[in-house]
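Reproduced below: upload.cif, with mmCIF, C-alpha atoms.
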data_input
loop_
_atom_site.group_PDB
_atom_site.id
_atom_site.type_symbol
_atom_site.label_atom_id
_atom_site.label_comp_id
_atom_site.auth_asym_id
_atom_site.auth_seq_id
_atom_site.Cartn_x
_atom_site.Cartn_y
_atom_site.Cartn_z
ATOM 1 C CA MET K 1 70.263 -27.060 -50.088
ATOM 2 C CA GLU K 2 66.762 -26.984 -48.660
ATOM 3 C CA ASN K 3 67.966 -24.839 -45.756
ATOM 4 C CA ASP K 4 69.656 -22.415 -48.161
ATOM 5 C CA THR K 5 66.524 -22.210 -50.287
ATOM 6 C CA SER K 6 64.361 -21.676 -47.210
ATOM 7 C CA GLY K 7 66.753 -18.976 -45.972
ATOM 8 C CA ASN K 8 66.657 -17.190 -49.315
ATOM 9 C CA ILE K 9 62.857 -17.263 -49.378
ATOM 10 C CA ASN K 10 62.616 -15.947 -45.827
ATOM 11 C CA GLY K 11 65.128 -13.207 -46.614
ATOM 12 C CA THR K 12 63.193 -12.213 -49.722
ATOM 13 C CA GLN K 13 59.938 -12.112 -47.760
ATOM 14 C CA VAL K 14 61.493 -9.941 -45.051
ATOM 15 C CA ALA K 15 62.944 -7.545 -47.640
ATOM 16 C CA SER K 16 59.630 -7.404 -49.503
ATOM 17 C CA SER K 17 57.744 -6.741 -46.256
ATOM 18 C CA SER K 18 60.214 -3.995 -45.377
ATOM 19 C CA HIS K 19 59.715 -2.297 -48.754
ATOM 20 C CA VAL K 20 55.935 -2.495 -48.391
ATOM 21 C CA ASN K 21 56.107 -0.967 -44.893
ATOM 22 C CA SER K 22 58.369 1.820 -46.127
ATOM 23 C CA PHE K 23 56.017 2.547 -49.020
ATOM 24 C CA ILE K 24 52.987 2.667 -46.670
ATOM 25 C CA ARG K 25 54.828 4.984 -44.282
ATOM 26 C CA PHE K 26 55.909 7.299 -47.072
ATOM 27 C CA THR K 27 52.414 7.397 -48.600
ATOM 28 C CA PHE K 28 50.779 8.135 -45.252
ATOM 29 C CA MET K 29 53.380 10.770 -44.382
ATOM 30 C CA PHE K 30 53.101 12.454 -47.801
ATOM 31 C CA ALA K 31 49.288 12.524 -47.589
ATOM 32 C CA PHE K 32 49.423 13.978 -44.079
ATOM 33 C CA ILE K 33 51.863 16.711 -45.149
ATOM 34 C CA LEU K 34 49.686 17.681 -48.136
ATOM 35 C CA PHE K 35 46.572 17.775 -45.946
ATOM 36 C CA SER K 36 48.370 19.884 -43.315
ATOM 37 C CA LEU K 37 49.592 22.374 -45.908
ATOM 38 C CA TYR K 38 46.092 22.602 -47.394
ATOM 39 C CA VAL K 39 44.600 23.399 -43.965
ATOM 40 C CA PHE K 40 47.340 25.959 -43.271
ATOM 41 C CA ILE K 41 46.745 27.705 -46.615
ATOM 42 C CA LEU K 42 43.016 27.751 -45.877
ATOM 43 C CA MET K 43 43.692 29.391 -42.504
ATOM 44 C CA PHE K 44 45.983 31.993 -44.069
ATOM 45 C CA GLN K 45 43.313 32.766 -46.651
ATOM 46 C CA THR K 46 40.685 33.121 -43.910
ATOM 47 C CA PHE K 47 42.846 35.522 -41.914
ATOM 48 C CA PHE K 48 43.931 37.761 -44.785
ATOM 49 C CA SER K 49 40.436 37.926 -46.266
ATOM 50 C CA THR K 50 38.816 39.143 -43.029
ATOM 51 C CA ARG K 51 39.738 42.621 -41.826
ATOM 52 C CA ALA K 52 38.403 42.006 -38.302
ATOM 53 C CA PHE K 53 40.928 39.188 -37.808
ATOM 54 C CA GLN K 54 43.811 41.326 -39.087
ATOM 55 C CA GLU K 55 42.975 44.049 -36.555
ATOM 56 C CA SER K 56 42.873 41.627 -33.605
ATOM 57 C CA CYS K 57 46.118 40.945 -31.744
ATOM 58 C CA ARG K 58 44.890 37.500 -30.739
ATOM 59 C CA TYR K 59 44.396 36.358 -34.331
ATOM 60 C CA ALA K 60 47.627 38.081 -35.409
ATOM 61 C CA LEU K 61 49.536 35.998 -32.842
ATOM 62 C CA PHE K 62 47.718 32.890 -34.010
ATOM 63 C CA VAL K 63 48.693 33.483 -37.650
ATOM 64 C CA HIS K 64 52.269 34.198 -36.563
ATOM 65 C CA MET K 65 52.295 30.781 -34.863
ATOM 66 C CA LEU K 66 50.763 29.280 -38.007
ATOM 67 C CA LEU K 67 53.481 30.840 -40.194
ATOM 68 C CA ASN K 68 56.168 29.621 -37.803
ATOM 69 C CA ASP K 69 54.782 26.062 -37.768
ATOM 70 C CA THR K 70 54.455 26.031 -41.563
ATOM 71 C CA MET K 71 58.094 27.054 -41.996
ATOM 72 C CA GLN K 72 59.253 24.473 -39.489
ATOM 73 C CA LEU K 73 57.134 21.762 -41.120
ATOM 74 C CA LEU K 74 58.609 22.424 -44.560
ATOM 75 C CA VAL K 75 62.212 22.618 -43.328
ATOM 76 C CA THR K 76 61.764 19.487 -41.192
ATOM 77 C CA VAL K 77 60.483 17.552 -44.209
ATOM 78 C CA ILE K 78 63.393 18.768 -46.362
ATOM 79 C CA LEU K 79 66.032 17.888 -43.744
ATOM 80 C CA THR K 80 64.499 14.498 -42.965
ATOM 81 C CA THR K 81 64.327 13.607 -46.664
ATOM 82 C CA LEU K 82 67.968 14.586 -47.162
ATOM 83 C CA ILE K 83 69.032 12.525 -44.157
ATOM 84 C CA LYS K 84 66.925 9.539 -45.246
ATOM 85 C CA LEU K 85 68.500 9.613 -48.713
ATOM 86 C CA MET K 86 71.956 10.270 -47.215
ATOM 87 C CA LEU K 87 72.420 13.340 -49.404
ATOM 88 C CA ASN K 88 75.083 15.822 -48.358
ATOM 89 C CA LEU K 89 74.810 19.597 -48.685
ATOM 90 C CA PRO K 90 77.416 22.367 -48.792
ATOM 91 C CA VAL K 91 78.068 23.704 -45.301
ATOM 92 C CA PRO K 92 76.691 27.247 -45.989
ATOM 93 C CA ILE K 93 73.360 25.907 -47.316
ATOM 94 C CA CYS K 94 73.116 23.385 -44.485
ATOM 95 C CA SER K 95 73.797 26.165 -41.955
ATOM 96 C CA VAL K 96 70.866 28.199 -43.291
ATOM 97 C CA LEU K 97 68.468 25.239 -43.126
ATOM 98 C CA ILE K 98 69.578 24.302 -39.609
ATOM 99 C CA LEU K 99 69.245 27.946 -38.525
ATOM 100 C CA ILE K 100 65.657 28.182 -39.832
ATOM 101 C CA SER K 101 64.760 24.857 -38.229
ATOM 102 C CA ALA K 102 66.237 25.847 -34.852
ATOM 103 C CA VAL K 103 64.782 29.372 -34.751
ATOM 104 C CA THR K 104 61.273 28.211 -35.677
ATOM 105 C CA TYR K 105 61.569 25.473 -33.040
ATOM 106 C CA VAL K 106 62.301 28.002 -30.280
ATOM 107 C CA SER K 107 59.831 30.581 -31.598
ATOM 108 C CA THR K 108 56.922 28.217 -30.965
ATOM 109 C CA PRO K 109 57.150 28.240 -27.135
ATOM 110 C CA LEU K 110 57.988 31.978 -27.157
ATOM 111 C CA ASN K 111 54.845 32.638 -29.179
ATOM 112 C CA LEU K 112 52.857 30.539 -26.704
ATOM 113 C CA ALA K 113 54.153 32.691 -23.854
ATOM 114 C CA VAL K 114 53.070 35.903 -25.621
ATOM 115 C CA MET K 115 49.639 34.404 -26.353
ATOM 116 C CA SER K 116 49.257 33.488 -22.671
ATOM 117 C CA LEU K 117 50.170 37.023 -21.646
ATOM 118 C CA GLU K 118 47.570 38.377 -24.082
ATOM 119 C CA ARG K 119 44.885 36.217 -22.454
ATOM 120 C CA TYR K 120 46.067 37.360 -19.021
ATOM 121 C CA VAL K 121 45.674 41.020 -20.011
ATOM 122 C CA ALA K 122 42.252 40.314 -21.566
ATOM 123 C CA VAL K 123 40.957 38.795 -18.315
ATOM 124 C CA CYS K 124 42.749 40.790 -15.624
ATOM 125 C CA PHE K 125 42.837 44.191 -17.391
ATOM 126 C CA PRO K 126 39.828 44.120 -19.742
ATOM 127 C CA LEU K 127 39.485 47.917 -19.883
ATOM 128 C CA ARG K 128 43.129 48.344 -20.965
ATOM 129 C CA HIS K 129 43.284 45.299 -23.241
ATOM 130 C CA ALA K 130 42.742 47.275 -26.459
ATOM 131 C CA GLU K 131 45.451 49.744 -25.430
ATOM 132 C CA ILE K 132 48.051 47.237 -24.245
ATOM 133 C CA CYS K 133 47.473 44.548 -26.882
ATOM 134 C CA CYS K 134 47.154 46.647 -30.013
ATOM 135 C CA VAL K 135 48.305 45.239 -33.356
ATOM 136 C CA GLU K 136 51.306 47.610 -33.484
ATOM 137 C CA ARG K 137 52.644 46.158 -30.237
ATOM 138 C CA VAL K 138 52.011 42.655 -31.486
ATOM 139 C CA TRP K 139 54.369 43.352 -34.404
ATOM 140 C CA ILE K 140 56.989 44.484 -31.888
ATOM 141 C CA ALA K 141 56.409 41.293 -29.874
ATOM 142 C CA MET K 142 56.917 39.213 -33.027
ATOM 143 C CA MET K 143 60.219 40.976 -33.730
ATOM 144 C CA VAL K 144 61.335 40.312 -30.143
ATOM 145 C CA ILE K 145 60.401 36.642 -30.539
ATOM 146 C CA TRP K 146 62.511 36.263 -33.695
ATOM 147 C CA ILE K 147 65.462 38.239 -32.317
ATOM 148 C CA THR K 148 65.431 36.293 -29.051
ATOM 149 C CA GLY K 149 64.915 32.957 -30.756
ATOM 150 C CA SER K 150 67.737 33.453 -33.240
ATOM 151 C CA SER K 151 70.353 34.968 -30.906
ATOM 152 C CA ALA K 152 71.960 31.752 -29.643
ATOM 153 C CA TYR K 153 71.892 30.049 -33.045
ATOM 154 C CA ILE K 154 73.486 33.038 -34.770
ATOM 155 C CA ALA K 155 76.128 32.967 -32.038
ATOM 156 C CA ASP K 156 76.559 29.246 -32.775
ATOM 157 C CA ILE K 157 77.201 30.005 -36.477
ATOM 158 C CA ILE K 158 79.659 32.769 -35.531
ATOM 159 C CA LEU K 159 81.521 30.308 -33.284
ATOM 160 C CA LEU K 160 81.577 27.833 -36.178
ATOM 161 C CA GLY K 161 83.134 30.492 -38.396
ATOM 162 C CA VAL K 162 85.781 31.230 -35.764
ATOM 163 C CA LEU K 163 86.609 27.672 -34.684
ATOM 164 C CA ALA K 164 86.360 25.756 -37.974
ATOM 165 C CA LYS K 165 88.998 25.776 -40.679
ATOM 166 C CA LYS K 166 88.238 27.717 -43.855
ATOM 167 C CA SER K 167 88.353 24.520 -45.884
ATOM 168 C CA PHE K 168 85.442 23.165 -43.833
ATOM 169 C CA PHE K 169 82.994 25.614 -45.450
ATOM 170 C CA SER K 170 83.768 24.266 -48.930
ATOM 171 C CA THR K 171 82.879 20.685 -47.966
ATOM 172 C CA ASN K 172 79.584 18.794 -48.164
ATOM 173 C CA VAL K 173 78.099 17.346 -44.973
ATOM 174 C CA LEU K 174 75.039 15.428 -43.828
ATOM 175 C CA CYS K 175 72.689 18.213 -42.801
ATOM 176 C CA ILE K 176 72.315 17.716 -39.049
ATOM 177 C CA HIS K 177 73.417 20.009 -36.247
ATOM 178 C CA GLU K 178 76.153 17.615 -35.163
ATOM 179 C CA SER K 179 77.847 18.053 -38.571
ATOM 180 C CA LEU K 180 78.161 21.785 -37.866
ATOM 181 C CA THR K 181 79.449 21.325 -34.313
ATOM 182 C CA VAL K 182 83.227 21.412 -34.189
ATOM 183 C CA ASN K 183 83.553 22.264 -30.508
ATOM 184 C CA SER K 184 81.643 21.270 -27.366
ATOM 185 C CA VAL K 185 81.138 24.979 -26.577
ATOM 186 C CA GLN K 186 78.617 25.176 -29.436
ATOM 187 C CA TYR K 187 76.626 22.257 -28.080
ATOM 188 C CA ILE K 188 76.611 23.665 -24.532
ATOM 189 C CA LEU K 189 75.575 27.120 -25.782
ATOM 190 C CA VAL K 190 72.565 25.800 -27.698
ATOM 191 C CA ALA K 191 71.495 23.343 -24.977
ATOM 192 C CA VAL K 192 71.652 25.948 -22.176
ATOM 193 C CA PHE K 193 69.799 28.489 -24.317
ATOM 194 C CA GLU K 194 66.962 26.067 -25.125
ATOM 195 C CA ILE K 195 66.635 24.998 -21.487
ATOM 196 C CA ILE K 196 66.441 28.630 -20.324
ATOM 197 C CA ILE K 197 63.816 29.454 -22.976
ATOM 198 C CA LEU K 198 61.645 26.470 -22.054
ATOM 199 C CA LEU K 199 61.898 27.266 -18.327
ATOM 200 C CA LEU K 200 60.991 30.940 -18.847
ATOM 201 C CA VAL K 201 58.027 30.003 -21.032
ATOM 202 C CA ALA K 202 56.877 27.399 -18.496
ATOM 203 C CA MET K 203 57.050 29.980 -15.692
ATOM 204 C CA THR K 204 55.115 32.498 -17.815
ATOM 205 C CA ILE K 205 52.345 30.023 -18.612
ATOM 206 C CA ILE K 206 52.074 28.858 -14.981
ATOM 207 C CA CYS K 207 51.933 32.450 -13.677
ATOM 208 C CA THR K 208 49.291 33.524 -16.190
ATOM 209 C CA TYR K 209 47.254 30.411 -15.400
ATOM 210 C CA ILE K 210 47.319 31.216 -11.669
ATOM 211 C CA LYS K 211 46.419 34.863 -12.309
ATOM 212 C CA ILE K 212 43.475 33.860 -14.500
ATOM 213 C CA MET K 213 42.277 31.385 -11.873
ATOM 214 C CA LEU K 214 42.384 34.133 -9.238
ATOM 215 C CA ALA K 215 40.488 36.451 -11.583
ATOM 216 C CA ALA K 216 37.763 33.831 -11.870
ATOM 217 C CA ARG K 217 36.959 34.309 -8.184
ATOM 218 C CA LYS K 218 36.206 37.986 -8.606
ATOM 219 C CA VAL K 219 32.569 38.888 -8.769
ATOM 220 C CA ASN K 220 32.988 41.403 -11.571
ATOM 221 C CA ALA K 221 34.942 39.041 -13.798
ATOM 222 C CA ASP K 222 33.399 37.853 -17.049
ATOM 223 C CA LYS K 223 32.926 34.133 -16.373
ATOM 224 C CA GLY K 224 32.749 33.215 -20.042
ATOM 225 C CA SER K 225 35.945 35.110 -20.853
ATOM 226 C CA VAL K 226 37.728 33.625 -17.838
ATOM 227 C CA SER K 227 36.676 30.074 -18.743
ATOM 228 C CA LYS K 228 37.819 30.536 -22.343
ATOM 229 C CA ALA K 229 41.151 32.023 -21.269
ATOM 230 C CA HIS K 230 41.586 29.228 -18.731
ATOM 231 C CA LYS K 231 41.183 26.571 -21.439
ATOM 232 C CA THR K 232 43.464 28.485 -23.819
ATOM 233 C CA VAL K 233 46.314 28.648 -21.301
ATOM 234 C CA LEU K 234 45.878 24.933 -20.574
ATOM 235 C CA LEU K 235 46.263 24.278 -24.296
ATOM 236 C CA HIS K 236 49.410 26.403 -24.263
ATOM 237 C CA ALA K 237 50.730 24.271 -21.408
ATOM 238 C CA PHE K 238 49.962 21.105 -23.382
ATOM 239 C CA GLN K 239 51.771 22.479 -26.443
ATOM 240 C CA LEU K 240 54.752 23.461 -24.286
ATOM 241 C CA THR K 241 54.831 19.926 -22.888
ATOM 242 C CA LEU K 242 55.142 18.596 -26.436
ATOM 243 C CA CYS K 243 58.012 21.062 -27.043
ATOM 244 C CA ILE K 244 59.788 19.848 -23.903
ATOM 245 C CA ILE K 245 59.312 16.199 -24.894
ATOM 246 C CA SER K 246 60.711 16.945 -28.361
ATOM 247 C CA PHE K 247 63.734 18.521 -26.655
ATOM 248 C CA ILE K 248 64.477 15.557 -24.372
ATOM 249 C CA HIS K 249 63.445 12.714 -26.703
ATOM 250 C CA PRO K 250 67.058 12.021 -27.850
ATOM 251 C CA PHE K 251 67.793 11.099 -24.217
ATOM 252 C CA THR K 252 64.590 9.116 -23.626
ATOM 253 C CA ASP K 253 65.107 7.228 -26.898
ATOM 254 C CA GLN K 254 68.136 5.519 -25.417
ATOM 255 C CA ILE K 255 65.843 4.022 -22.752
ATOM 256 C CA LEU K 256 62.905 3.212 -25.018
ATOM 257 C CA ILE K 257 64.873 1.245 -27.619
ATOM 258 C CA LYS K 258 65.947 -1.177 -24.884
ATOM 259 C CA LEU K 259 62.348 -1.991 -23.945
ATOM 260 C CA ASN K 260 60.961 -3.306 -27.204
ATOM 261 C CA THR K 261 62.318 -4.650 -30.496
ATOM 262 C CA TRP K 262 59.498 -3.009 -32.463
ATOM 263 C CA LEU K 263 60.489 0.377 -31.020
ATOM 264 C CA GLN K 264 64.067 -0.132 -32.187
ATOM 265 C CA GLN K 265 62.851 -0.418 -35.780
ATOM 266 C CA ASN K 266 60.172 2.289 -35.722
ATOM 267 C CA LEU K 267 61.328 4.881 -33.189
ATOM 268 C CA ASN K 268 62.821 7.285 -35.745
ATOM 269 C CA TYR K 269 59.610 7.261 -37.785
ATOM 270 C CA ILE K 270 57.465 7.741 -34.661
ATOM 271 C CA ASN K 271 59.604 10.670 -33.491
ATOM 272 C CA PHE K 272 59.465 12.307 -36.910
ATOM 273 C CA PHE K 273 55.711 11.904 -37.211
ATOM 274 C CA VAL K 274 54.844 12.955 -33.643
ATOM 275 C CA PHE K 275 57.336 15.792 -33.129
ATOM 276 C CA GLY K 276 58.092 16.760 -36.710
ATOM 277 C CA LEU K 277 54.632 16.606 -38.270
ATOM 278 C CA PHE K 278 51.764 16.056 -35.846
ATOM 279 C CA THR K 279 52.671 18.769 -33.327
ATOM 280 C CA LYS K 280 52.963 21.347 -36.143
ATOM 281 C CA PHE K 281 49.496 20.371 -37.321
ATOM 282 C CA LEU K 282 47.903 20.058 -33.872
ATOM 283 C CA SER K 283 48.318 23.563 -32.473
ATOM 284 C CA PRO K 284 46.862 25.451 -35.473
ATOM 285 C CA MET K 285 43.947 23.015 -35.552
ATOM 286 C CA ILE K 286 43.286 23.470 -31.833
ATOM 287 C CA TYR K 287 43.577 27.240 -31.760
ATOM 288 C CA GLY K 288 41.924 27.829 -35.119
ATOM 289 C CA LEU K 289 38.989 25.433 -35.114
ATOM 290 C CA ARG K 290 38.013 25.907 -31.456
ATOM 291 C CA ASP K 291 37.414 29.603 -32.140
ATOM 292 C CA GLU K 292 33.815 29.922 -33.320
ATOM 293 C CA ALA K 293 34.300 33.128 -35.350
ATOM 294 C CA PHE K 294 37.396 31.820 -37.132
ATOM 295 C CA ARG K 295 35.791 28.435 -37.723
ATOM 296 C CA LYS K 296 32.727 29.973 -39.368
ATOM 297 C CA ALA K 297 34.889 32.230 -41.553
ATOM 298 C CA MET K 298 37.054 29.268 -42.489
ATOM 299 C CA LYS K 299 34.019 27.261 -43.604
ATOM 300 C CA LYS K 300 33.174 30.033 -46.062
ATOM 301 C CA SER K 301 36.633 29.655 -47.615
ATOM 302 C CA LEU K 302 36.119 25.962 -48.359
ATOM 303 C CA PRO K 303 35.743 25.198 -52.089
ATOM 304 C CA CYS K 304 32.747 22.959 -51.334
ATOM 305 C CA HIS K 305 30.989 25.584 -49.208
ATOM 306 C CA VAL K 306 27.496 26.447 -50.419
ATOM 307 C CA PRO K 307 26.122 29.718 -49.029
ATOM 308 C CA ARG K 308 22.971 29.229 -47.073
ATOM 309 C CA VAL K 309 20.051 30.942 -48.763
ATOM 310 C CA ILE K 310 17.182 31.954 -46.502
ATOM 311 C CA PRO K 311 13.946 32.163 -48.504
ATOM 312 C CA ALA K 312 12.179 35.484 -48.270
ATOM 313 C CA ARG K 313 8.869 35.476 -46.513
ATOM 314 C CA PRO K 314 5.945 36.719 -48.582
ATOM 315 C CA SER K 315 4.722 40.079 -47.433
ATOM 316 C CA VAL K 316 1.230 40.230 -46.062
ATOM 317 C CA THR K 317 -0.800 43.076 -47.495
#
Take the structure in the file and give it back as structure tokens.
Amino acid sequence: MENDTSGNINGTQVASSSHVNSFIRFTFMFAFILFSLYVFILMFQTFFSTRAFQESCRYALFVHMLLNDTMQLLVTVILTTLIKLMLNLPVPICSVLILISAVTYVSTPLNLAVMSLERYVAVCFPLRHAEICCVERVWIAMMVIWITGSSAYIADIILLGVLAKKSFFSTNVLCIHESLTVNSVQYILVAVFEIIILLLVAMTIICTYIKIMLAARKVNADKGSVSKAHKTVLLHAFQLTLCIISFIHPFTDQILIKLNTWLQQNLNYINFFVFGLFTKFLSPMIYGLRDEAFRKAMKKSLPCHVPRVIPARPSVT
């Protein structure tokens, strides 16, 4: 009897501890999401309230990345919540959510590649930068990013419509990509497409980095501009590395869960926080706050900002 009582107490303590941990995780995650959305809204407000930013292709690309990350953050939270609660969705609605999630995922590295090319033009062709990287062409680049990023996933949905039975589209499923995969061809198509995109972006970033480094050796190069572009491309490479890790983490997870018991229990939460939340918050913070002009303009948009008043000097007569 004593053993049974002791077992019941231990079981109750474990369950209580598990509930407390889940509550702490949820509270921390919810607070982080709210803070991220607040910062994103503040950045949007800063961009759209300053005409100089709207007329700069660099800031236009930054805000495009910010919009992309915001969309992906919201969809990721929705999908993760549905999966956590084991709630099923109709196949058409699930297909739309998965499509948005996938396209915004691929658009991030594509946007990084375009931003690297913009820095390359600014350093290596400074006299033609305004002509080549005008805002009109940036809009075209954004359209190319979305068309390229969505092509394979639209093809995946078309294959689903061809290969699946009509009754499948009237069912409810757990909203993950595997639920919408009825043939291995779909999986291969998406995997090959994502690998090609990541490789092309990696090659673009490496080439622009090398070109900028070579430009730094020229006597007539602007050292400050070269140094800034050099750091920017390195940040792009870091962000791309996070994208690659998020792509391969389902494979590395199989190795990690065998190393530690704690990882077995917390790996899903760690993956969601690092790849689903933190990376979406990190890049806008890096690219937005490290820019002095944008940072100063953003401070003025803060509700607690008090304009600095410089007292007038008395005139000497």
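Atom pair CA of Thr108 in chain K / CA of Asn68 in chain K: separated by 7.0 Å.
You will find CA of Ile188 in chain K at 29.1 Å from CA of Leu85 in chain K.
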Residue neighbourhood Leu198 in chain K, 8 Å, only C-alpha atoms, exclusion window fewer than 4 positions, as an MDAnalysis selection string: chainID K and resid 109 194 202 240 244
Please produce a file of those selected residues containing C-alpha atoms, as a tab-separated table (two decimals), in the frame of the given file.
chain	number	residue	atom	x	y	z
K	109	PRO	CA	57.15	28.24	-27.14
K	194	GLU	CA	66.96	26.07	-25.12
K	202	ALA	CA	56.88	27.40	-18.50
K	240	LEU	CA	54.75	23.46	-24.29
K	244	ILE	CA	59.79	19.85	-23.90
Selection in question (the file shown): the PyMOL selection byres ((chain K and resi 277-293) around 9). Which residues does it include, as a PyMOL selection string? chain K and resi 29+32-33+36-37+39-40+43+59+62-63+65-66+69-70+72-73+76-77+232+235-236+239+242-243+272-276+294-298
If we count only C-alpha atoms, what is near Val185 in chain K at a cut-off of 12 Å, once residues fewer than 6 positions away on the same chain are taken out, given as a PyMOL selection string? chain K and resi 152+155-160+163+191-192
My list of candidates is K:Ile210, K:Val201, K:Val91, K:Leu110. Which is closest to Trp146 in chain K when distances are computed with all atoms listed in the file? K:Leu110
Restricting to all atoms listed in the file, whichever of K:Ile78, K:Val106, K:Val96, K:Ala52 is closest to Ile196 in chain K is K:Val106
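Ranking K:Ala31, K:Tyr153, K:Met86, K:Leu67 by their shortest atom-to-atom distance to Phe47 in chain K, with all atoms listed in the file included, puts K:Leu67 first.
Atom to atom, CA of Thr81 in chain K and CA of Phe26 in chain K stand 10.5 Å apart.
With all atoms listed in the file as the basis for measurement, K:Ala215 is the residue among K:Met143, K:Ala215, K:Leu61, K:Leu74 that approaches Ala122 in chain K most closely.
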Env of Glu136 in chain K: 10 Å cut, atoms = only C-alpha atoms, seq-sep filter 5 positions within chain, self excluded. Answer as a list in words. Glu55, Cys57 and Ala141 of chain K
Those same residues, written as a PDB file, in the frame of the given file with C-alpha atoms?
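That gives us selection-v8.pdb:
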ATOM      1  CA  GLU K  55      42.975  44.049 -36.555  1.00  0.00           C
ATOM      2  CA  CYS K  57      46.118  40.945 -31.744  1.00  0.00           C
ATOM      3  CA  ALA K 141      56.409  41.293 -29.874  1.00  0.00           C
TER       4      ALA K 141
END
Matched chain/residue IDs from the PyMOL selection byres ((chain K and resi 95) around 10), as JSON, numbers by chain: {"K": [89, 90, 91, 92, 93, 94, 96, 97, 98, 99, 100, 101, 153, 154, 157, 160, 169, 175, 176, 177, 179, 180]}
Residues within 12 Å of Glu118 in chain K, all atoms listed in the file, excluding chain neighbours under 5 positions, as a ChimeraX atom specification: /K:56-62,111-113,123-126,128-135,137-138,141,204-205,208-209,212,229,232-233
With C-alpha atoms kept, could you save the residues just selected as a PDB file, keeping the file's coordinate frame?
ATOM      1  CA  SER K  56      42.873  41.627 -33.605  1.00  0.00           C
ATOM      2  CA  CYS K  57      46.118  40.945 -31.744  1.00  0.00           C
ATOM      3  CA  ARG K  58      44.890  37.500 -30.739  1.00  0.00           C
ATOM      4  CA  TYR K  59      44.396  36.358 -34.331  1.00  0.00           C
ATOM      5  CA  ALA K  60      47.627  38.081 -35.409  1.00  0.00           C
ATOM      6  CA  LEU K  61      49.536  35.998 -32.842  1.00  0.00           C
ATOM      7  CA  PHE K  62      47.718  32.890 -34.010  1.00  0.00           C
ATOM      8  CA  ASN K 111      54.845  32.638 -29.179  1.00  0.00           C
ATOM      9  CA  LEU K 112      52.857  30.539 -26.704  1.00  0.00           C
ATOM     10  CA  ALA K 113      54.153  32.691 -23.854  1.00  0.00           C
ATOM     11  CA  VAL K 123      40.957  38.795 -18.315  1.00  0.00           C
ATOM     12  CA  CYS K 124      42.749  40.790 -15.624  1.00  0.00           C
ATOM     13  CA  PHE K 125      42.837  44.191 -17.391  1.00  0.00           C
ATOM     14  CA  PRO K 126      39.828  44.120 -19.742  1.00  0.00           C
ATOM     15  CA  ARG K 128      43.129  48.344 -20.965  1.00  0.00           C
ATOM     16  CA  HIS K 129      43.284  45.299 -23.241  1.00  0.00           C
ATOM     17  CA  ALA K 130      42.742  47.275 -26.459  1.00  0.00           C
ATOM     18  CA  GLU K 131      45.451  49.744 -25.430  1.00  0.00           C
ATOM     19  CA  ILE K 132      48.051  47.237 -24.245  1.00  0.00           C
ATOM     20  CA  CYS K 133      47.473  44.548 -26.882  1.00  0.00           C
ATOM     21  CA  CYS K 134      47.154  46.647 -30.013  1.00  0.00           C
ATOM     22  CA  VAL K 135      48.305  45.239 -33.356  1.00  0.00           C
ATOM     23  CA  ARG K 137      52.644  46.158 -30.237  1.00  0.00           C
ATOM     24  CA  VAL K 138      52.011  42.655 -31.486  1.00  0.00           C
ATOM     25  CA  ALA K 141      56.409  41.293 -29.874  1.00  0.00           C
ATOM     26  CA  THR K 204      55.115  32.498 -17.815  1.00  0.00           C
ATOM     27  CA  ILE K 205      52.345  30.023 -18.612  1.00  0.00           C
ATOM     28  CA  THR K 208      49.291  33.524 -16.190  1.00  0.00           C
ATOM     29  CA  TYR K 209      47.254  30.411 -15.400  1.00  0.00           C
ATOM     30  CA  ILE K 212      43.475  33.860 -14.500  1.00  0.00           C
ATOM     31  CA  ALA K 229      41.151  32.023 -21.269  1.00  0.00           C
ATOM     32  CA  THR K 232      43.464  28.485 -23.819  1.00  0.00           C
ATOM     33  CA  VAL K 233      46.314  28.648 -21.301  1.00  0.00           C
TER      34      VAL K 233
END
